[in-house]
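Chemist: This is the structure, below, for whatever I ask next.
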Number of protein chains: 2
Amino acid sequence: MSVTILKGTVVSAPALGRLDVTEGGYLVAEAGRIAGVFPALPGQYAGAAVEDYGDALILQSFADLHLHAPQYPMLGMGMDLPLLEWLNTYTFPTEARFADPDYAREIYRKLARELIENGTTRVCMFSSLHREATLILMEELEKAGVTGYVGKVNMDQNGIPSLQEETAVSKRETLLWLEQSRRFRHVKPILTPRFTPSCTDELMVFLGELAVERGLPIQSHLSENWRELQWVKELHPGCDRYWETYAKYSLWNSRTLMAHCVWSDQQEREAMAKAGVTAVHCPDSNQNLCSGVAPVRVMLKEGMQVALGSDIAGGDHLSMFDVIAASIRASKARRILDNWGTDFLTVAEGWYLGTSAGAAFFGQRPGFAPGNRLHAVVLEDGDLPQPHPLTAAERLERAVYRRQRGAIKAVWSEGRKVFSAG
Amino acid sequence: MSVTILKGTVVSAPALGRLDVTEGGYLVAEAGRIAGVFPALPGQYAGAAVEDYGDALILQSFADLHLHAPQYPMLGMGMDLPLLEWLNTYTFPTEARFADPDYAREIYRKLARELIENGTTRVCMFSSLHREATLILMEELEKAGVTGYVGKVNMDQNGIPSLQEETAVSKRETLLWLEQSRRFRHVKPILTPRFTPSCTDELMVFLGELAVERGLPIQSHLSENWRELQWVKELHPGCDRYWETYAKYSLWNSRTLMAHCVWSDQQEREAMAKAGVTAVHCPDSNQNLCSGVAPVRVMLKEGMQVALGSDIAGGDHLSMFDVIAASIRASKARRILDNWGTDFLTVAEGWYLGTSAGAAFFGQRPGFAPGNRLHAVVLEDGDLPQPHPLTAAERLERAVYRRQRGAIKAVWSEGRKVFSAG
């Protein structure tokens, strides 16, 4: 049986707000699954090869649970525009280009590589509505070593002519895509109605039935913007709250991800907690688009499952170090908004959200728990000046705040070494 | 007379919210001062050497008008702590280390290099209270090509024992430092009472007289935190507002910089506009320390002079690309705080604040105006994917949002080429 042994300063997040640190520790995996973290190498591994990273940090890799792959080429653009104009000027025309498989191949190869170089090994990702481009995206992710879920987007109303499907075509293409994506091992399909206003009742019924029949996970958007809330209410006058427009089609369960939830009130949050729906907090995007500031600290207190998403290209940071820092900042903005009445996220809490909380959607226990698949990054930070000898927690905090490009020396995903610097 | 000619896509900010773009343009300087930006090379320069950067962006370099040099080693740490604990655990002990000239030399050399590599060529900077370390800082900045003002900090009360001066010592050391800093050409002294609570009346009187007698500029902190406001009121019961505690000592004029101004009310803002005091907005720091969100858009509307500061290490970004992005995000947070009643900063406005507005403190006209000293960066961004052929404004926006390490290819400061990549 293949054994992987990484030696360094092993840091993990076994619970919200807690860090486990083992200096000079051994992270051991057998056949791609974690056996444990040990302060000294257990006898049974004597003689096995050890990858010794000295004093470097050995960290959990990241899970980015909400991003739009076809928006990658427009990262960091159009941020001065109101949401609707941004969608029409940038988002929809850019996504429409993915009708071209060559363009898709070029862009998705770059994206997959950038994800891995930044230590993101797990994703839940929106593709565009193009089946072929979606398969190319899955293939490129799989090749690069990114694991997780990718969704062909469904949208049969309220798009633009070049980025909208006939209902029948949307159904047919979805079934074909599910069939054709069976060939991937580490990247799996997730049902992806863009958001309630994008889908006819007929399409939603179809997707809900598919989710139930095949046990497929689901991702979409929820309560991002208060104008959107009004719109959804007009479209579904029978639903008191936005979440019910998913629940009534059986798209609301413990395998459901809902991005944003900025405006989810207490009842909607309760409905999420009860069903086990995961809220994906996208702090950069919410601030860039002036959507609002999600009350993440309150969500956590209420026992909701919350993970993080870069939400490129509403968000402008692909690196999850940045997204974690942004989540902390957003919680501080929220604190100010709440007149200093709510707490902010600590670094350890933000770190948990960007790693363990995201991995939970893939059935993993928090931290480097035995039995988990090996997903890890090695980070070297010895070049930076320091005010005093640093603890591992201080080094982790600095890694979160200072985007140290080139500091990631190696990345493991599903037990495989998928990146090695230099 | 020496002539410098840079060819590329020349972009500058000649007014708040406006960008001038000259594609395939020539930025010409004679003896270090800008002659103009031309769409074609004027006849009188025929035969002169042209540095041709192809399609690269040629931009104004940055002015960072508030940062604490001795806090550089603690960049990105201690952000979970309340302000007072942060000061006592990190800031003061770290600053105290600069009693050691060797430590100062090592750290300040790194800092100066990092500033230049990130395109910051103008600064107004706090040193610590150590005279020798301050001179070392000035020397390292000058060597690296960073220009501007550096202040030996004055603090004779409310510090910690290892980081506080006797009043007489503070005066004597300040005079000696002014004398010894005459040898620098591009880095000049600025009077720097840490903030009102740090200085006795006697010291403030001394500094105010010095400012008047020698025509020296002044930098300090103002209305950063509402608890601080209360404290200042207790210390100076005769002053209705914080700003008056500077004005009464003649430390309030058009050569004064005041960092933060988060809680400056309309009267205080009017006093700034009237005296020509520049407010230095430090968005990262204000958010990290939960100080609040400065109403920058309102300040600009009222005709105040506003520039940007990284405020390391309350701020965690040294790159002014990031600080500009942070200022835009902060203005959006403020918009949300104001219930969508105020505008946000556009990219062009943020860019103006980080370049032209800062340069104004050094007597420069906005943009690449003829007569200005040549301060410029060359930025290459050809490797990034793109959704459609980009305008120069779109490329600038992307540069602001995407920290492209390694994209800065060359930097000019005071007419000198101070950095060249690779």
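Following the order of the structure tokens, first chain is A, next is B, and so on, with residues numbered from 1 inside each chain and ligands from 1 in the order they appear.
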Need to verify the contact set: B:Gly32, 12 Å, only C-alpha atoms, exclusion of same-chain residues closer than 4 positions in sequence. Can you return it as a list in words?

Modeler: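 Returned residues: Met1, Ser2, Val3, Thr4, Ile5, Leu27, Val28, Gly36, Pro370, Gly371, Asn372, Arg373, Leu374, His375, Ala376, Trp412, Ser413, Glu414, Gly415, Arg416 and Lys417 of chain B.
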
Chemist: Would you mind listing, for every residue of chain B within 9 Å of chain A, the two atoms forming the shortest contact and the distance between them in Å to one decimal, using only C-alpha atoms, sorted by chain and ascending residue number, as CSV?

Modeler:
residue,atom,partner,partner_atom,distance
B:Gln71,CA,A:Pro387,CA,8.4
B:Tyr72,CA,A:Pro385,CA,7.8
B:Pro73,CA,A:Gln386,CA,4.6
B:Met74,CA,A:Pro387,CA,5.8
B:Leu75,CA,A:Arg398,CA,7.2
B:Gly76,CA,A:Arg398,CA,4.7
B:Met77,CA,A:Arg398,CA,5.6
B:Gly78,CA,A:Glu394,CA,7.7
B:Met79,CA,A:Val347,CA,8.0
B:Asp80,CA,A:Thr346,CA,5.6
B:Tyr90,CA,A:Pro387,CA,8.1
B:Pro93,CA,A:Pro387,CA,8.3
B:Thr94,CA,A:Pro387,CA,5.6
B:Glu95,CA,A:Pro387,CA,8.8
B:Arg97,CA,A:Pro387,CA,8.0
B:Glu106,CA,A:Pro385,CA,8.8
B:Ile107,CA,A:Pro385,CA,6.8
B:Lys110,CA,A:Pro385,CA,8.2
B:Asp284,CA,A:Arg329,CA,8.7
B:Gln287,CA,A:Arg329,CA,6.4
B:Asn288,CA,A:Arg329,CA,6.4
B:Leu289,CA,A:Lys332,CA,8.3
B:Cys290,CA,A:Lys332,CA,5.9
B:Ser291,CA,A:Ile336,CA,8.2
B:Gly292,CA,A:Ile336,CA,6.2
B:Val293,CA,A:Ile336,CA,8.1
B:Asp316,CA,A:Tyr401,CA,6.4
B:His317,CA,A:Arg402,CA,7.3
B:Ile328,CA,A:Asn288,CA,8.4
B:Arg329,CA,A:Gln287,CA,6.3
B:Ala330,CA,A:Gln287,CA,8.6
B:Lys332,CA,A:Cys290,CA,5.9
B:Ala333,CA,A:Gln287,CA,6.7
B:Arg335,CA,A:Cys290,CA,7.7
B:Ile336,CA,A:Gly292,CA,6.2
B:Leu337,CA,A:Leu337,CA,5.9
B:Trp340,CA,A:Cys290,CA,8.5
B:Phe344,CA,A:Asp80,CA,8.5
B:Leu345,CA,A:Asp80,CA,8.2
B:Thr346,CA,A:Asp80,CA,5.6
B:Val347,CA,A:Asp80,CA,6.9
B:Leu384,CA,A:Pro73,CA,7.7
B:Pro385,CA,A:Pro73,CA,5.0
B:Gln386,CA,A:Pro73,CA,4.6
B:Pro387,CA,A:Pro73,CA,5.2
B:His388,CA,A:Thr94,CA,7.9
B:Glu394,CA,A:Met77,CA,6.4
B:Arg395,CA,A:Met77,CA,8.2
B:Glu397,CA,A:Met77,CA,6.1
B:Arg398,CA,A:Gly76,CA,4.7
B:Ala399,CA,A:Gly76,CA,7.9
B:Val400,CA,A:Gly76,CA,7.8
B:Tyr401,CA,A:Gly76,CA,5.1
B:Arg402,CA,A:Gly76,CA,6.2
B:Arg405,CA,A:Arg405,CA,7.4

Chemist: Grab the residues selected above and save them as a PDB file, in the first residue's frame with C-alpha atoms.

Modeler:
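Output (again00.pdb):
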ATOM      1  CA  GLN B  71       5.648  48.004  11.911  1.00  0.00           C
ATOM      2  CA  TYR B  72       6.705  46.369   8.657  1.00  0.00           C
ATOM      3  CA  PRO B  73       7.964  43.162  10.356  1.00  0.00           C
ATOM      4  CA  MET B  74       4.535  42.592  11.907  1.00  0.00           C
ATOM      5  CA  LEU B  75       2.590  43.053   8.691  1.00  0.00           C
ATOM      6  CA  GLY B  76      -0.501  40.837   8.709  1.00  0.00           C
ATOM      7  CA  MET B  77      -0.420  39.846  12.368  1.00  0.00           C
ATOM      8  CA  GLY B  78      -2.465  40.446  15.489  1.00  0.00           C
ATOM      9  CA  MET B  79      -5.594  41.378  13.573  1.00  0.00           C
ATOM     10  CA  ASP B  80      -7.888  39.509  15.963  1.00  0.00           C
ATOM     11  CA  TYR B  90       2.633  43.811  18.741  1.00  0.00           C
ATOM     12  CA  PRO B  93       7.354  45.873  21.385  1.00  0.00           C
ATOM     13  CA  THR B  94       8.071  45.708  17.652  1.00  0.00           C
ATOM     14  CA  GLU B  95       8.828  49.432  17.430  1.00  0.00           C
ATOM     15  CA  ARG B  97      13.331  46.797  18.639  1.00  0.00           C
ATOM     16  CA  GLU B 106      17.997  44.871   7.863  1.00  0.00           C
ATOM     17  CA  ILE B 107      14.285  45.644   8.038  1.00  0.00           C
ATOM     18  CA  LYS B 110      13.781  45.148   2.804  1.00  0.00           C
ATOM     19  CA  ASP B 284      -7.454  48.531   5.248  1.00  0.00           C
ATOM     20  CA  GLN B 287     -11.492  47.878   8.643  1.00  0.00           C
ATOM     21  CA  ASN B 288      -8.933  45.543  10.236  1.00  0.00           C
ATOM     22  CA  LEU B 289      -9.080  47.408  13.523  1.00  0.00           C
ATOM     23  CA  CYS B 290     -12.872  47.889  13.329  1.00  0.00           C
ATOM     24  CA  SER B 291     -12.357  51.647  13.631  1.00  0.00           C
ATOM     25  CA  GLY B 292     -15.188  52.473  11.254  1.00  0.00           C
ATOM     26  CA  VAL B 293     -15.537  53.494   7.618  1.00  0.00           C
ATOM     27  CA  ASP B 316      -2.033  44.662   5.715  1.00  0.00           C
ATOM     28  CA  HIS B 317      -1.357  45.672   2.112  1.00  0.00           C
ATOM     29  CA  ILE B 328     -13.115  51.388  -3.438  1.00  0.00           C
ATOM     30  CA  ARG B 329     -14.414  48.509  -1.305  1.00  0.00           C
ATOM     31  CA  ALA B 330     -14.518  50.714   1.774  1.00  0.00           C
ATOM     32  CA  LYS B 332     -18.975  50.488  -1.040  1.00  0.00           C
ATOM     33  CA  ALA B 333     -19.145  49.379   2.598  1.00  0.00           C
ATOM     34  CA  ARG B 335     -22.593  53.055   0.790  1.00  0.00           C
ATOM     35  CA  ILE B 336     -24.216  50.040   2.439  1.00  0.00           C
ATOM     36  CA  LEU B 337     -23.766  51.676   5.863  1.00  0.00           C
ATOM     37  CA  TRP B 340     -27.252  53.077  -0.405  1.00  0.00           C
ATOM     38  CA  PHE B 344     -18.888  54.655  -4.134  1.00  0.00           C
ATOM     39  CA  LEU B 345     -15.472  55.510  -5.528  1.00  0.00           C
ATOM     40  CA  THR B 346     -15.008  54.526  -9.139  1.00  0.00           C
ATOM     41  CA  VAL B 347     -11.765  52.917 -10.242  1.00  0.00           C
ATOM     42  CA  LEU B 384      -3.754  37.378 -18.508  1.00  0.00           C
ATOM     43  CA  PRO B 385      -6.768  35.867 -20.238  1.00  0.00           C
ATOM     44  CA  GLN B 386      -9.253  38.355 -21.620  1.00  0.00           C
ATOM     45  CA  PRO B 387     -12.892  38.242 -22.585  1.00  0.00           C
ATOM     46  CA  HIS B 388     -12.584  40.755 -25.427  1.00  0.00           C
ATOM     47  CA  GLU B 394     -10.194  48.148 -18.415  1.00  0.00           C
ATOM     48  CA  ARG B 395      -6.561  47.107 -18.161  1.00  0.00           C
ATOM     49  CA  GLU B 397      -9.032  48.413 -13.507  1.00  0.00           C
ATOM     50  CA  ARG B 398      -7.785  44.857 -13.768  1.00  0.00           C
ATOM     51  CA  ALA B 399      -4.366  45.978 -12.521  1.00  0.00           C
ATOM     52  CA  VAL B 400      -6.026  47.556  -9.499  1.00  0.00           C
ATOM     53  CA  TYR B 401      -8.031  44.460  -8.621  1.00  0.00           C
ATOM     54  CA  ARG B 402      -5.622  41.701  -9.567  1.00  0.00           C
ATOM     55  CA  ARG B 405       3.179  40.291  -8.820  1.00  0.00           C
TER      56      ARG B 405
END

Chemist: Need the shell around A:Ile136: protein/DNA/RNA residues with any atom at most 9 Å away, counting only C-alpha atoms. Skip same-chain ones fewer than 3 positions apart. Format as a short mmCIF file (atom, residue, chain, number, x, y, z; two decimals) with N, CA, C and O atoms, in the first residue's frame?

Modeler:
data_model
loop_
_atom_site.label_atom_id
_atom_site.label_comp_id
_atom_site.auth_asym_id
_atom_site.auth_seq_id
_atom_site.Cartn_x
_atom_site.Cartn_y
_atom_site.Cartn_z
N PRO A 101 -15.37 25.75 -28.31
CA PRO A 101 -14.59 24.81 -27.50
C PRO A 101 -13.10 25.18 -27.40
O PRO A 101 -12.47 24.92 -26.38
N ALA A 104 -12.78 27.75 -24.75
CA ALA A 104 -13.00 27.08 -23.47
C ALA A 104 -11.74 26.33 -23.03
O ALA A 104 -11.32 26.41 -21.87
N ARG A 105 -11.16 25.62 -23.94
CA ARG A 105 -9.97 24.82 -23.62
C ARG A 105 -8.85 25.73 -23.10
O ARG A 105 -8.24 25.46 -22.07
N TYR A 108 -9.93 27.42 -19.62
CA TYR A 108 -10.12 26.48 -18.51
C TYR A 108 -8.81 25.81 -18.11
O TYR A 108 -8.62 25.45 -16.95
N ARG A 109 -7.92 25.65 -19.07
CA ARG A 109 -6.60 25.09 -18.72
C ARG A 109 -5.86 26.06 -17.79
O ARG A 109 -5.29 25.67 -16.79
N ARG A 131 -22.77 22.48 -23.06
CA ARG A 131 -22.40 21.12 -22.64
C ARG A 131 -20.95 20.81 -22.96
O ARG A 131 -20.20 20.32 -22.10
N GLU A 132 -20.54 21.13 -24.17
CA GLU A 132 -19.19 20.75 -24.58
C GLU A 132 -18.14 21.47 -23.73
O GLU A 132 -17.19 20.86 -23.24
N ALA A 133 -18.34 22.78 -23.54
CA ALA A 133 -17.39 23.55 -22.73
C ALA A 133 -17.37 23.03 -21.29
O ALA A 133 -16.32 23.01 -20.63
N GLU A 139 -12.72 18.12 -17.66
CA GLU A 139 -11.50 17.41 -18.07
C GLU A 139 -10.25 18.17 -17.63
O GLU A 139 -9.30 17.56 -17.11
N GLU A 140 -10.25 19.47 -17.81
CA GLU A 140 -9.07 20.26 -17.44
C GLU A 140 -8.87 20.28 -15.93
O GLU A 140 -7.73 20.25 -15.44
N LEU A 141 -9.95 20.36 -15.19
CA LEU A 141 -9.82 20.31 -13.73
C LEU A 141 -9.23 18.97 -13.30
O LEU A 141 -8.31 18.90 -12.49
#

Chemist: Under the rule that only C-alpha atoms are counted, which of A:Ala29, A:Ala69, A:Ser162, A:Glu302 is the nearest residue to A:Phe92?

Modeler: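 Checking each of A:Ala29, A:Ala69, A:Ser162, A:Glu302 against A:Phe92, counting only C-alpha atoms, the winner is A:Ser162.
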
Chemist: A:Glu349, A:Glu244, A:Asp383, A:Glu114: which is nearest A:Ala407, counting only C-alpha atoms?

Modeler: A:Asp383

Chemist: So which residues touch B:Ser250 within 8 Å, counting only C-alpha atoms, skipping near sequence neighbours fewer than 5 positions away, as a PyMOL selection string?

Modeler: chain B and resi 208-209+211-212

Chemist: What's the 7 Å shell around B:Ala410, counting only C-alpha atoms, without same-chain residues fewer than 3 positions away, as JSON, numbers by chain?

Modeler: {"B": [377, 378, 419, 420, 421]}

Chemist: Which residues in stretch 53-275 of chain B does DSSP call helix (DSSP H, G or I)? List them as a VMD selection string.

Modeler: chain B and resid 69 to 74 83 to 99 101 to 117 131 to 144 167 to 183 196 to 198 201 to 214 226 to 235 244 to 247 266 to 275

Chemist: Run DSSP on the backbone and give me the residues of stretch 252-412 of chain A it puts in strand (DSSP E or B), as a list in words.

Modeler: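 Secondary structure check on stretch 252-412 of chain A, strand (DSSP E or B): Thr256, Leu257, Met258, Ala259, His260, Thr278, Ala279, Val280, His281, Gln305, Val306, Ala307, Leu308, Ile312, Gly315, Arg373, Ala376, Val377, Val378, Leu379, Ile408, Lys409, Ala410, Val411 and Trp412 of chain A.
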
Chemist: Residues at most 9 Å from stretch 351-361 of chain A, counting only C-alpha atoms, excluding those fewer than 2 positions away in the same chain, as JSON, numbers by chain?

Modeler: {"A": [12, 13, 14, 15, 16, 17, 18, 19, 60, 61, 62, 63, 64, 65, 122, 123, 254, 255, 257, 278, 280, 305, 306, 307, 308, 309, 320, 321, 323, 324, 325, 346, 347, 348, 349, 363, 364, 365, 366, 367, 368, 396, 397, 400]}

Chemist: For B:Ala259, list every protein, DNA or RNA residue within 7 Å, evaluated using only C-alpha atoms, and leave out those in the same chain fewer than 3 positions away; present the list as a list of chain:residue names.

Modeler: B:His66, B:Ser220, B:His221, B:Leu222, B:Ala279, B:Val280, B:His281

Chemist: Report, in Å to a single decimal, how far apart atom CA of A:Ser327 and atom CA of A:Cys282 are.

Modeler: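 That distance, rounded to one decimal, is 7.6 Å.
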
Chemist: Please compute the atom CA of A:Leu203-atom CA of A:Gln157 distance, one decimal, in Å.

Modeler: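 Computed distance, atom CA of A:Leu203 to atom CA of A:Gln157, equals 10.0 Å.
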